[in-house]
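Here is the structure we will look at.
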Amino acid sequence: MTSDSTVPGDSADPFRNEPTSRDEAPQFVLPLVVRIERDAPPARTDALETAARAVLTILSDERAVGDGEWAQVMRDWQDARIRKVVRRARGAEWRRAEALPGITVTGKSAEVRVFPPVPLDGWPKDLARLQVSGTDLDDPEPPADADPTAPVLWLNPDLDMSAGKTMAQTGHGAQLAWWELSDEERTAWRQAGFPLSVRTADPARWAELTSSGLPLVKDAGFTEVAPGSATVVTEHPALRRRG
């Protein structure tokens with residue numbers, strides 16, 4: 001699923017339908033591929049959390065910063081609209097995806113591989129042929145309460161999004177929090193292994209979160225939800241303490 005996220009230091013609303021300065025830059029997308037084997041699909045919440053950690057992993061990877069081999073394309077991607085696309089793979093499809101440059105992040109039951117950004121019309125063929133639809137996943141059991149000492153990505157209780165769409169949104173939420181953290185806070189989060197939870201907020205809590213000043217993801221509305229829909233609020237302890 002494709003979606004746009006807010007961007008740091010951008011005075012223009014990135015969710016307006018009319019063109020902005022970010023549309024003038026070359027457009028890139030961050031591909032994520034979730035492994036969904038027919039007889040062993042991952043749990044939905046674990047897939048959402050693993051996708052978020054995958055985004056954080058590539059943002060902090062030495063190849064993606066400074067003079068790293070992926071650094072320029074990462075900068076180009078972040079200079080334009082922030083797009084992520086989640087596709088699914090199994091069997092030989094997954095093995096071909098793993099052969100391409102990228103990073104595989106593993107959760108309890110989920111595997112998500114994140115790749116350096118690619119041009120909107122320049123996908124590697126082994127990724128371009130993968131399906132976007134069909135990422136409907138379930139939780140075998142209700143997820144436990146979130147750890148209040150770790151970051152929580154809260155989902156809008158009023159939206160019904162596919163697992164693939166929601167994985168893109170949790171990736172956005174993690175990225176927005178990453179942008180707002182100090183270098184020391186980023187290092188601490190990375191060294192801890194990027195602990196986080198994804199949970200659906202209850203309506204009263206959601207109303208509080210969206211007015212809290214915490215990182216808020218609004219969707220461009222290309223798929224599944226209306227333009228400007230608030231999808232995720234990231235409650236990172238370091239950011240909460242600043243409130």
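Within each chain, counting starts at residue 1; across the structure tokens, chains are named A, B, ... in the order shown, with ligands numbered 1 upward in that order.
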What are the nearest atom pairs, with distances in Å to one decimal, for all residues of region 22-125 of chain A that come at most 9 Å from region 130-146 of chain A, using only C-alpha atoms, set out by chain and rising residue number as CSV?
residue,atom,partner,partner_atom,distance
A:Val33,CA,A:Leu130,CA,8.6
A:Val34,CA,A:Thr135,CA,8.5
A:Ile36,CA,A:Thr135,CA,8.0
A:Pro41,CA,A:Leu137,CA,7.4
A:Pro42,CA,A:Leu137,CA,7.2
A:Ala43,CA,A:Asp139,CA,4.9
A:Arg44,CA,A:Leu137,CA,4.9
A:Thr45,CA,A:Asp139,CA,6.5
A:Asp46,CA,A:Asp139,CA,8.4
A:Ala47,CA,A:Leu137,CA,8.5
A:Val85,CA,A:Val132,CA,7.9
A:Val86,CA,A:Val132,CA,6.4
A:Arg87,CA,A:Val132,CA,4.5
A:Arg88,CA,A:Gln131,CA,5.9
A:Ala89,CA,A:Leu130,CA,6.4
A:Glu93,CA,A:Leu130,CA,7.6
A:Lys125,CA,A:Leu130,CA,8.8
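Candidate residues A:Leu159, A:Leu153, A:Ala128, A:Ala168 were compared for distance to Leu214 (chain A), and the nearest is A:Leu153, using only C-alpha atoms.
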| task | Considering only C-alpha atoms, return as an MDAnalysis selection string whatever protein or nucleic-acid residues lie within 8 Å of Ile103 (chain A), sequence-local ones (same chain, fewer than 6 positions apart) excluded. | result | chainID A and resid 54 57:58 113:115
Residues of the last selection are to be written out with C-alpha atoms, as a compact mmCIF listing (two decimals), in the first residue's frame.
# COMPACT_ATOMS: atom_id res chain seq x y z
CA ALA A 54 12.43 -1.97 9.67
CA THR A 57 16.67 0.22 11.01
CA ILE A 58 17.31 1.59 7.54
CA ARG A 113 12.65 -6.64 4.32
CA VAL A 114 13.23 -2.94 3.70
CA PHE A 115 15.10 -1.66 0.65
| message | Would you pick out the contacts of region 60-73 of chain A at 9 Å or less, using only C-alpha atoms, so that residues sharing its chain but fewer than 6 positions from it are not included, and give the list as a list of chain:residue names? | response | A:Phe28, A:Pro116, A:Pro117, A:Val118, A:Arg186, A:Thr187, A:Arg190
| query | So which residues of region 8-207 of chain A fall under strand (DSSP E or B) by DSSP, listed as JSON, numbers by chain? | reply | {"A": [28, 29, 30, 31, 32, 33, 34, 35, 37, 40, 82, 83, 84, 85, 86, 87, 88, 89, 103, 104, 105, 106, 111, 112, 113, 114, 118, 119, 131, 152, 153, 154, 155, 197, 198, 199, 200]}
| field | Every residue of region 148-196 of chain A that DSSP places in alpha helix (DSSP H), as a list of chain:residue names | value | A:Ala163, A:Gly164, A:Lys165, A:Thr166, A:Met167, A:Ala168, A:Gln169, A:Thr170, A:Gly171, A:His172, A:Gly173, A:Ala174, A:Gln175, A:Leu176, A:Ala177, A:Trp178, A:Trp179, A:Glu180, A:Asp183, A:Glu184, A:Glu185, A:Arg186, A:Thr187, A:Ala188, A:Trp189, A:Arg190, A:Gln191
| field | Residue contacts of Met161 (chain A) (8 Å, only C-alpha atoms) excluding same-chain residues fewer than 5 positions away, as a list in words | value | Thr166, Glu224 and Val225 of chain A
| task | Return the single residue from A:Leu100, A:Leu56, A:Ala163, A:Leu48 that is closest to Trp178 (chain A), with distances computed using only C-alpha atoms. | result |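 Residue with the minimum atom-to-atom distance to Trp178 (chain A): A:Leu56.
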Give me the region 96-156 of chain A side of the contact with region 227-234 of chain A, cut-off 12 Å, one line per residue showing its nearest atom pair and distance in Å at one decimal, counting only C-alpha atoms, sorted by chain and residue number, as a Markdown table.
| residue | atom | partner | partner_atom | distance |
| --- | --- | --- | --- | --- |
| A:Ala150 | CA | A:Thr234 | CA | 10.7 |
| A:Pro151 | CA | A:Thr234 | CA | 7.0 |
| A:Val152 | CA | A:Thr234 | CA | 5.9 |
| A:Leu153 | CA | A:Thr234 | CA | 4.5 |
| A:Trp154 | CA | A:Val233 | CA | 5.2 |
| A:Leu155 | CA | A:Val232 | CA | 4.8 |
| A:Asn156 | CA | A:Thr231 | CA | 5.2 |
